[in-house]
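Quick notes on the structure that follows.
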Amino acid sequence: MDGTERPVLEVNGLSLAFGGLKVLNDVSFAVPQGSVTAIIGPNGAGKTSIFNCISGFYRPKAGHILFEGEDIGPFHPPRRAALGLARTFQNIALFRGMTVLDNIKLGRHAHMKTSLLDALCYFGRARREEMELRREVEEKIIDFLEIDHIRNKPVASLSYGLRKRVELARALAMKPKILMLDEPVAGMNREETEDMARFILDVKEEWGVTILMVEHDMGLIMDISDHVVVLNFGQVIAAGKPAEVTANPDVIRAYLGSGDVEALRREFRGEAA
Amino acid sequence: MSGFDWLFFTEVSLAGLGAGALLALTGLAFVLIYKATKVVNLAIGEMLMIGAYVFFSFTAGLGLPWWAALIAALAAGGLLGAVVERAIIRPMLGESAISVFMVTIGLGSVLIGLVELTWGAAPTSLPDFMGKAPVFIGPAYVSRKIVIGFAVAAAVIAVFLIAFRYWRGGVALRATATDQGAAYSCGINVPAIFSMAWVFAGVAAAGAGVLVGAVGGISPNMGVFGLSALVVVIVGGLDSIAGALIGGILVGLIEAWAGTYLGGEYKLLTTFGLLLIVLMIRPYGLFGTVEIERL
Amino acid sequence: MRIGTAKQTYAADEALFDTNVQRAWMGLFIALCVAFPFMASEYWLYMACLVAIHVISVTGLNIVTGFTGLVSLGQAAFMGVGAYAVAYAETKLGTPALLNLLAAGLLTAAVGALVGIPSLRVKGLYLAIATIASSIILHFIFANWDSVTNGVKGVSVPPARIFGVELGRPFALYFLILPLAFLSVLGAANLFRTRIGRAFIAIRDRDISAEVLGIPLLRYKLMSFALASFYAGVAGGLWAYFFRVVTPESFPFVYSIFFLAAIIVGGMGSILGSILGAVFMTMVPEVLKIGVGVASPLLSDAVAVLSPVRTIVFGILIIGFLVFEPHGLAEIWSRIRRFFHLWPFKT
């Protein structure tokens with residue numbers, strides 16, 4: 001992260017509107033290769049909308065999204081996923097009718113080659129590819145995230161924290177170059193939060209995957225992120241290292257009046273002490 | 001185009017308007033249920049058929065005067081609506097819209113079977129209670145039944161619209177349609193609204209059934225009329241009353257023109273062709289609310 | 001907790017039948033199927049052929065509706081396309097039966113993909129209604145395209161011939177229909193062990209997230225429609241060889257509802273459910289026939305009663321299963337199996 005390396009993801013002048021409502025207004029930021037970048041901001045600031053623009057679910061009104069230097073604006077969502085843009089969702093989007101294992105395997109879809117005819121016959125190419133996937137999912141992902149005890153359970157039966165972890169597993173199966181996590185620890189208790197923080201750092205260190213996350217938990221952000229982008233009313237009001245950002249008067253003003261101010265205060269006291 | 005018979009065209013169009021009013025009435029019943037309970041009721045045509053057959057029983061069978069039989073048919077329609085809602089729709093609350101849709105397919109099947117079992121499979125006609133003297137609008141001839149059907153349907157629709165707008169229950173129904181949870185917490189008895197919507201829809205369908213039966217006769221296949229009504233509401237937009245009215249007139253006219261100029265077998269074909277075109281161009285119908293999806 | 005299911009390899013864990021007991025039962029079942037024609041009467045052979053044809057069609061419908069979540073009310077019309085394709089090939093082209101069946105499947109798959117095109121814009125109920133529209137349009141074509149379908153009079157189909165053997169009677173046709181039914185079910189079971197099957201289920205459960213996770217929605221929805229229609233086309237082709245006359249009335253709209261009822265009763269999104277549903281729904285009218293026969297001394301017109309009673313029972317089955325047992329017979333079956341896993345040592 002010395003600034004000379006090209007950022008893995010660049011957002012330039014992104015604007016998004018629903019009818020007359022401006023959701024994003026000229027948003028620009030860059031996600032450095034190998035970093036953990038966090039987007040923070042009060043509720044309704046447009047954080048998840050940025051994710052949806054990057055995934056291709058929303059079509060922005062203006063602006064460009066560059067992934068590894070390439071403008072991915074014209075690409076439809078599946079193509080972006082195949083490029084290595086993996087994500088999790090704020091309101092967990094696991095497939096209820098499948099087991100944990102199948103949910104994770106689904107993440108690999110875009111990288112597999114089995115055709116309809118292969119699939120109907122199964123023996124041969126489809127089987128080879130499926131077995132390879134199974135081995136990799138088991139040995140790299142399930143072991144890593146410590147979810148081997150639930151692999152054959154239907155996702156509907158899992159606790160909230162475990163579901164978030166399965167979502168992370170599915171995103172990892174997507175062979176990500178950048179992993180977008182939408183509130184990875186929302187609603188988790190302290191222990192689950194710490195587990196998730198450990199997994200995120202391990203993904204960054206061991207897998208070499210760049211991480212972009214939206215999160216409200218300031219403690220987590222101060223602990224693991226390298227770079228923070230602050231969003232308010234659809235505009236970037238500050239960006240920089242976590243400590244710089246939390247000292248920025250604009251940021252403090254943006255958080256006043258929203259419930260998160262207490263979190264920031266605590267963080268300040270932590271810094272001072 | 002000197003050879004084109006404009007008088008004949010006008011007559012066909014007027015007949016189409018008459019049929020359109022009946023379609024609009026059926027469509028209204030459909031939209032009422034959809035707005036309140038978010039159920040797409042594929043059995044609406046069969047509910048309509050039950051109304052027509054009950055009317056038939058009371059007039060031809062028991063020899064009651066037509067107005068008494070009509071009241072009985074409307075009451076039976078309302079009762080059917082209430083029973084259906086309570087017995088099979090409410091247990092499905094919270095299930096996927098598609099499951100409930102398929103339940104109504106099952107319901108349609110049961111109703112067809114019941115009609116065949118009770119009244120036989122052969123088509124028959126309702127006793128004439130409207131008179132036969134033709135009506136002339138200017139030089140154009142229109143069947144008396146169609147004029148009466150149009151007038152009654154228009155009046156009933158007007159009453160429904162006014163009730164929907166000003167009556168307490170109508171307002172509660174609109175509130176429920178907008179946001180069930182919020183309506184519930186405002187003290188609106190949402191289950192009662194569900195029942196009410198089904199009862200009113202049942203009454204409207206039964207009324208439409210008597211009119212449709214009077215015009216075209218009755219048979220266990222008359223539920224097919226419900227398919228045309230389905231096209232009406234899809235074209236108009238599932239949750240739009242104005243859409244049901246305009247869609248009804250539109251489909252009525254198109255069916256009349258297609259039936260006359262192309263041949264009877266082209267009626268359904270044209271209707272459903274129209275449906276496919278509308279679905280491709282405006283998936284939520286002409287006046288329907290676009291559903292916004294969220295990730 | 002099941003015992004005796006420890007695995008050494010991932011392949012063993014992903015096998016269709018993962019214990020020796022299951023494999024033994026399966027072997028026994030196949031042996032019974034082979035022996036069946038030599039023991040059964042003409043009537044039971046007839047029923048077996050009809051059930052097998054329905055199994056193929058219901059499995060197809062389950063792929064598109066049960067697994068992909070796209071409600072199709074056109075399965076009977078698709079079968080009609082296959083039946084007419086076979087009738088046309090037999091009477092006008094004289095091509096071999098197996099080729100005709102394949103062609104019927106492929107043609108119907110193309111028609112199915114065409115019918116699935118509205119899924120570009122609409123989904124859920126709107127799509128279901130679009131399939132009703134397509135099915136009505138197909139019926140119109142059956143009844144009016146005289147040069148191919150011979151209009152309302154229909155087409156008579158000569159018996160199937162395979163390698164010079166004429167398959168006229170159910171006994172002979174059984175050996176064509178049953179293996180094809182087996183292959184169809186096996187293909188479907190395989191499908192859901194691979195990425196394609198997972199993509200279908202993902203589309204059913206949450207299509208917009210599936211798209212963001214890398215599944216091109218339109219392509220997979222059309223693929224699902226096409227595959228379901230392929231199954232319907234083959235089933236329709238066999239139907240034509242079985243009944244030997246194809247008319248527009250052979251594939252009415254209620255036949256589509258029959259198939260929908262079969263997947264609901266059997267279990268949506270379950271391969272086993274397709275089989276159980278097809279068997280159950282095909283046998284119901286026969287049971288009713290017997291029931292009405294028993295009651296005939298009490299009824300003035302027993303034959304006239306049969307058809308409406310059947311309609312009512314179909315409707316009640318749809319409603320009853322959706323309300324009380326939404327996962328169908330397959331769920332009941334697995335409950336029974338769970339009971340016997342540890343029986344008689346259950347606490």
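In the structure tokens, the first chain shown is A, the next is B, and so on; residue numbers restart at 1 for each chain, and ligands run from 1 in the order shown.
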
List the neighbours of stretch 299-307 of chain C out to 8 Å using only C-alpha atoms; skip same-chain residues closer than 5 positions along the sequence, and give me the result as a list in words.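 The contact residues come out as Gly113 and Leu117 of chain B; Leu288, Lys289, Val292 and Gly293 of chain C.
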
Near stretch 121-131 of chain A, counting only C-alpha atoms, which residues have an atom at most 12 Å away, once you skip same-chain residues fewer than 5 positions from it, shown as number ranges by chain? A: 102, 105-106, 108-109, 111-116, 136-138; C: 9-16, 183-198

Using N, CA and C atoms, can you write the selected residues to a file as an mmCIF file, in the first residue's frame?
data_model
loop_
_atom_site.group_PDB
_atom_site.id
_atom_site.type_symbol
_atom_site.label_atom_id
_atom_site.label_comp_id
_atom_site.auth_asym_id
_atom_site.auth_seq_id
_atom_site.Cartn_x
_atom_site.Cartn_y
_atom_site.Cartn_z
ATOM 1 N N ASP A 102 -24.082 -26.944 -0.496
ATOM 2 C CA ASP A 102 -24.521 -26.531 -1.832
ATOM 3 C C ASP A 102 -24.495 -25.015 -1.978
ATOM 4 N N LYS A 105 -20.925 -24.205 -2.657
ATOM 5 C CA LYS A 105 -20.550 -24.635 -4.010
ATOM 6 C C LYS A 105 -21.118 -23.693 -5.061
ATOM 7 N N LEU A 106 -22.304 -23.172 -4.794
ATOM 8 C CA LEU A 106 -22.929 -22.300 -5.775
ATOM 9 C C LEU A 106 -22.046 -21.111 -6.116
ATOM 10 N N ARG A 108 -19.081 -20.997 -6.787
ATOM 11 C CA ARG A 108 -18.089 -21.270 -7.814
ATOM 12 C C ARG A 108 -18.694 -21.277 -9.220
ATOM 13 N N HIS A 109 -20.027 -21.167 -9.275
ATOM 14 C CA HIS A 109 -20.741 -21.373 -10.537
ATOM 15 C C HIS A 109 -20.046 -20.787 -11.770
ATOM 16 N N HIS A 111 -17.175 -20.088 -12.500
ATOM 17 C CA HIS A 111 -15.851 -20.589 -12.886
ATOM 18 C C HIS A 111 -15.896 -22.034 -13.363
ATOM 19 N N MET A 112 -17.099 -22.605 -13.441
ATOM 20 C CA MET A 112 -17.190 -24.012 -13.834
ATOM 21 C C MET A 112 -17.646 -24.125 -15.285
ATOM 22 N N LYS A 113 -17.437 -25.326 -15.845
ATOM 23 C CA LYS A 113 -17.695 -25.476 -17.275
ATOM 24 C C LYS A 113 -18.751 -26.514 -17.606
ATOM 25 N N THR A 114 -19.226 -27.260 -16.600
ATOM 26 C CA THR A 114 -20.210 -28.306 -16.858
ATOM 27 C C THR A 114 -21.378 -27.777 -17.686
ATOM 28 N N SER A 115 -21.654 -28.427 -18.817
ATOM 29 C CA SER A 115 -22.781 -28.009 -19.643
ATOM 30 C C SER A 115 -24.009 -28.817 -19.263
ATOM 31 N N LEU A 116 -25.146 -28.447 -19.844
ATOM 32 C CA LEU A 116 -26.385 -29.164 -19.530
ATOM 33 C C LEU A 116 -26.253 -30.651 -19.838
ATOM 34 N N GLU A 136 -11.902 -28.847 -2.865
ATOM 35 C CA GLU A 136 -11.405 -27.510 -2.568
ATOM 36 C C GLU A 136 -12.275 -26.813 -1.516
ATOM 37 N N VAL A 137 -13.577 -26.966 -1.675
ATOM 38 C CA VAL A 137 -14.482 -26.344 -0.706
ATOM 39 C C VAL A 137 -14.232 -26.914 0.685
ATOM 40 N N GLU A 138 -14.099 -28.246 0.751
ATOM 41 C CA GLU A 138 -13.889 -28.882 2.049
ATOM 42 C C GLU A 138 -12.574 -28.438 2.674
ATOM 43 N N THR C 9 -14.483 -41.318 0.713
ATOM 44 C CA THR C 9 -14.164 -40.349 -0.351
ATOM 45 C C THR C 9 -15.329 -39.382 -0.538
ATOM 46 N N TYR C 10 -15.012 -38.244 -1.136
ATOM 47 C CA TYR C 10 -16.075 -37.290 -1.434
ATOM 48 C C TYR C 10 -17.040 -37.867 -2.455
ATOM 49 N N ALA C 11 -16.508 -38.645 -3.397
ATOM 50 C CA ALA C 11 -17.358 -39.238 -4.427
ATOM 51 C C ALA C 11 -18.417 -40.126 -3.782
ATOM 52 N N ALA C 12 -18.001 -40.916 -2.797
ATOM 53 C CA ALA C 12 -18.962 -41.792 -2.131
ATOM 54 C C ALA C 12 -20.023 -40.969 -1.428
ATOM 55 N N ASP C 13 -19.609 -39.815 -0.907
ATOM 56 C CA ASP C 13 -20.556 -38.983 -0.183
ATOM 57 C C ASP C 13 -21.576 -38.360 -1.129
ATOM 58 N N GLU C 14 -21.189 -38.176 -2.380
ATOM 59 C CA GLU C 14 -22.103 -37.527 -3.307
ATOM 60 C C GLU C 14 -22.830 -38.505 -4.222
ATOM 61 N N ALA C 15 -22.732 -39.795 -3.939
ATOM 62 C CA ALA C 15 -23.431 -40.776 -4.764
ATOM 63 C C ALA C 15 -24.938 -40.636 -4.575
ATOM 64 N N LEU C 16 -25.690 -41.047 -5.598
ATOM 65 C CA LEU C 16 -27.144 -40.934 -5.503
ATOM 66 C C LEU C 16 -27.697 -41.852 -4.425
ATOM 67 N N LEU C 183 -34.153 -43.308 -17.645
ATOM 68 C CA LEU C 183 -33.118 -42.366 -18.067
ATOM 69 C C LEU C 183 -33.503 -40.934 -17.707
ATOM 70 N N SER C 184 -34.775 -40.610 -17.907
ATOM 71 C CA SER C 184 -35.226 -39.248 -17.609
ATOM 72 C C SER C 184 -35.016 -38.911 -16.142
ATOM 73 N N VAL C 185 -35.441 -39.839 -15.290
ATOM 74 C CA VAL C 185 -35.320 -39.587 -13.859
ATOM 75 C C VAL C 185 -33.846 -39.528 -13.459
ATOM 76 N N LEU C 186 -33.057 -40.433 -14.007
ATOM 77 C CA LEU C 186 -31.627 -40.443 -13.685
ATOM 78 C C LEU C 186 -30.978 -39.127 -14.115
ATOM 79 N N GLY C 187 -31.323 -38.666 -15.315
ATOM 80 C CA GLY C 187 -30.773 -37.403 -15.797
ATOM 81 C C GLY C 187 -31.111 -36.257 -14.859
ATOM 82 N N ALA C 188 -32.361 -36.228 -14.426
ATOM 83 C CA ALA C 188 -32.776 -35.143 -13.530
ATOM 84 C C ALA C 188 -32.030 -35.237 -12.203
ATOM 85 N N ALA C 189 -31.898 -36.462 -11.687
ATOM 86 C CA ALA C 189 -31.190 -36.631 -10.415
ATOM 87 C C ALA C 189 -29.742 -36.175 -10.557
ATOM 88 N N ASN C 190 -29.114 -36.534 -11.675
ATOM 89 C CA ASN C 190 -27.736 -36.096 -11.917
ATOM 90 C C ASN C 190 -27.630 -34.584 -11.973
ATOM 91 N N LEU C 191 -28.606 -33.998 -12.665
ATOM 92 C CA LEU C 191 -28.576 -32.553 -12.868
ATOM 93 C C LEU C 191 -28.416 -31.808 -11.551
ATOM 94 N N PHE C 192 -29.107 -32.297 -10.518
ATOM 95 C CA PHE C 192 -29.092 -31.560 -9.261
ATOM 96 C C PHE C 192 -27.889 -31.918 -8.392
ATOM 97 N N ARG C 193 -26.946 -32.625 -8.968
ATOM 98 C CA ARG C 193 -25.668 -32.813 -8.290
ATOM 99 C C ARG C 193 -24.625 -31.873 -8.882
ATOM 100 N N THR C 194 -25.018 -31.056 -9.856
ATOM 101 C CA THR C 194 -24.034 -30.233 -10.549
ATOM 102 C C THR C 194 -24.385 -28.751 -10.443
ATOM 103 N N ARG C 195 -23.512 -27.944 -11.038
ATOM 104 C CA ARG C 195 -23.688 -26.498 -10.936
ATOM 105 C C ARG C 195 -24.994 -26.040 -11.576
ATOM 106 N N ILE C 196 -25.462 -26.768 -12.613
ATOM 107 C CA ILE C 196 -26.674 -26.328 -13.298
ATOM 108 C C ILE C 196 -27.883 -26.460 -12.388
ATOM 109 N N GLY C 197 -27.964 -27.607 -11.723
ATOM 110 C CA GLY C 197 -29.069 -27.808 -10.793
ATOM 111 C C GLY C 197 -29.036 -26.793 -9.656
ATOM 112 N N ARG C 198 -27.825 -26.532 -9.143
ATOM 113 C CA ARG C 198 -27.723 -25.536 -8.068
ATOM 114 C C ARG C 198 -28.182 -24.177 -8.548
#

For this session: Would you give me, as a VMD selection string, the residues of chain C that come within 6 Å of chain B, using only C-alpha atoms?
Result: chain C and resid 122 133 137 308 311 to 312 315 318 to 319

Restricting to only C-alpha atoms, whichever of A:Glu206, A:Asn232, A:Phe29, A:Asp250 is closest to A:Pro42 is A:Asn232

task: May I ask which of the residues B:Ala214, B:Leu14, B:Val31, B:Ile254 is the closest one to B:Leu173, counting only C-alpha atoms?
output: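 Answer, going by the shortest atom-to-atom distance: B:Val31.
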
Taking the DSSP assignment computed from this structure's backbone, write out as a PyMOL selection string all residues of stretch 114-205 of chain C that belong to helix (DSSP H, G or I). chain C and resi 114-115+117-120+125-144+146-149+151-153+170-191+195-205
